[in-house]
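These notes concern the structure reproduced below.
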Amino acid sequence: MADLPATPLLDTVSTPDDLRKLRPDQLRQLADELRTETISAVGTTGGHLGSGLGVVELTTAIHYVFDTPRDRLVWDVGHQCYPHKILTGRRDRIRTLRQGGGLSGFTKRSESEYDPFGAAHSSTSISAALGFAVANKIAGTPGKGIAVIGDGAMSAGMAYEAMNNAEQAGNRLVVILNDNDMSIAPPVGGLSAYLSRDRVESRVPRHPRTRQEACAPPAAPVPQRRAQDRRVRARHDDGRDAVRGTGLLLCRPDRRS
């Protein structure tokens with residue numbers, strides 16, 4: 001076997017509980033070492049490399065901030081999970097990925113309590129996380145459902161059906177849209193075009209008048225529309241998301257660096 005990379009800080013982290021003991025200023029080094037270890041492991045066994053590399057910092061942040069495994073983390077698509085496996089007690093077997101009797105290339109419930117949902121393919125994460133969140137809400141137990149969904153997986157109808165039902169979870173559901181501009185191949189379609197346009201426009205300064213005109217409401221809305229607008233404004237003024245407390249976070253790699 002090739003020489004293993006030097007990862008002195010990562011060597012002290014076996015589980016997310018160990019990770020949460022680190023200082024915030026140590027997380028950059030931890031993420032760098034996690035990336036190095038992921039490359040080394042996939043270089044030994046083969047497997048999905050780019051998808052895991054794209055979520056190294058995100059994986060570190062999620063396990064640092066949230067209380068996994070009590071907060072149920074679902075990856076979509078599941079082959080982003082190699083860094084997740086390294087941080088959740090499976091580093092000693094990471095070089096058995098996709099080998100007979102070794103670790104699965106996707107999340108697998110029988111492997112770890114940190115894999116609450118086993119899925120290899122896309123667009124099921126929000127429904128699964130919603131189920132975990134609502135179950136905890138009904139039982140009166142703590143714990144969130146966290147879905148990490150890629151921009152390619154987000155284009156399927158099941159993801160939108162789940163978002164339509166997300167109100168039932170209140171603030172127990174967190175959806176992270178990992179907009180990395182890549183699916184199993186370069187993405188196509190209206191959602192991809194919208195996210196790409198938004199990505200570019202968010203970096204281009206706009207004239208205030210242009211933004212105001214683009215966001216202006218109709219000049220004379222009908223009474224029903226007025227009532228609807230008041231409800232929407234009241235909901236936002238009350239500090240809640242349009243889907244009553246559900247957190248939707250947008251994660252984008254910074255391609256300028």
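Convention: chains lettered A, B, ... in structure tokens order; per-chain residue numbering from 1; ligands numbered from 1 as shown.
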
For region 35-44 of chain A: contacts at 7 Å, only C-alpha atoms, fewer than 6 positions along chain excluded, given as a PyMOL selection string:
chain A and resi 5+53+56+82-83+94-95

Just write the chosen residues, C-alpha atoms, as a compact mmCIF listing (two decimals), in the first residue's frame.
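Written file, selection_2.txt:
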# COMPACT_ATOMS: atom_id res chain seq x y z
CA PRO A 5 -0.72 11.08 3.99
CA LEU A 53 -14.25 16.61 -2.80
CA VAL A 56 -15.41 18.45 2.23
CA TYR A 82 -16.87 9.57 1.49
CA PRO A 83 -15.72 12.49 3.69
CA ILE A 94 -12.16 3.74 4.16
CA ARG A 95 -9.68 1.92 1.91

Quick check for you: according to DSSP on this backbone, which residues of region 18-222 of chain A are classed as strand (DSSP E)? Reply as a short mmCIF file (atom, residue, chain, number, x, y, z; two decimals) with N, CA and C atoms, in the first residue's frame.
data_model
loop_
_atom_site.label_atom_id
_atom_site.label_comp_id
_atom_site.auth_asym_id
_atom_site.auth_seq_id
_atom_site.Cartn_x
_atom_site.Cartn_y
_atom_site.Cartn_z
N ARG A 72 -30.68 13.87 11.98
CA ARG A 72 -30.53 12.86 10.92
C ARG A 72 -30.09 13.52 9.62
N LEU A 73 -28.92 13.12 9.13
CA LEU A 73 -28.32 13.71 7.94
C LEU A 73 -28.48 12.78 6.75
N VAL A 74 -29.08 13.30 5.67
CA VAL A 74 -29.34 12.52 4.46
C VAL A 74 -28.63 13.16 3.29
N TRP A 75 -27.82 12.37 2.58
CA TRP A 75 -27.06 12.87 1.42
C TRP A 75 -27.77 12.51 0.13
N ASP A 76 -27.77 13.46 -0.81
CA ASP A 76 -28.47 13.28 -2.08
C ASP A 76 -27.69 13.99 -3.18
N GLY A 145 -34.16 16.94 10.86
CA GLY A 145 -33.86 16.23 9.63
C GLY A 145 -33.11 17.17 8.71
N ILE A 146 -31.95 16.73 8.21
CA ILE A 146 -31.09 17.57 7.38
C ILE A 146 -30.92 16.89 6.03
N ALA A 147 -31.32 17.55 4.96
CA ALA A 147 -31.16 17.02 3.61
C ALA A 147 -30.12 17.86 2.87
N VAL A 148 -29.09 17.20 2.35
CA VAL A 148 -28.13 17.85 1.47
C VAL A 148 -28.43 17.36 0.06
N ILE A 149 -28.93 18.25 -0.78
CA ILE A 149 -29.38 17.85 -2.11
C ILE A 149 -28.66 18.68 -3.16
N GLY A 150 -28.15 18.01 -4.19
CA GLY A 150 -27.44 18.69 -5.26
C GLY A 150 -28.40 19.38 -6.23
N LEU A 173 -36.77 20.86 10.04
CA LEU A 173 -36.23 20.43 8.75
C LEU A 173 -35.27 21.48 8.20
N VAL A 174 -34.07 21.04 7.80
CA VAL A 174 -33.08 21.90 7.16
C VAL A 174 -32.76 21.30 5.80
N VAL A 175 -32.90 22.08 4.75
CA VAL A 175 -32.58 21.64 3.39
C VAL A 175 -31.40 22.46 2.89
N ILE A 176 -30.33 21.80 2.53
CA ILE A 176 -29.14 22.47 2.01
C ILE A 176 -29.02 22.15 0.53
N LEU A 177 -29.17 23.16 -0.30
CA LEU A 177 -29.03 23.00 -1.75
C LEU A 177 -27.57 23.20 -2.13
N ASN A 178 -26.92 22.12 -2.48
CA ASN A 178 -25.50 22.15 -2.84
C ASN A 178 -25.39 22.43 -4.34
#

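Shortest atom-to-atom contact with Ser112 (chain A) among A:Thr68, A:Thr7, A:Thr59, A:Thr88: A:Thr88, counting only C-alpha atoms.
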
Mind checking DSSP for region 52-213 of chain A and telling me the alpha helix (DSSP H) residues as an MDAnalysis selection string?
chainID A and resid 52:53 56:65 82:85 125:139 157:165 190:201 208:213
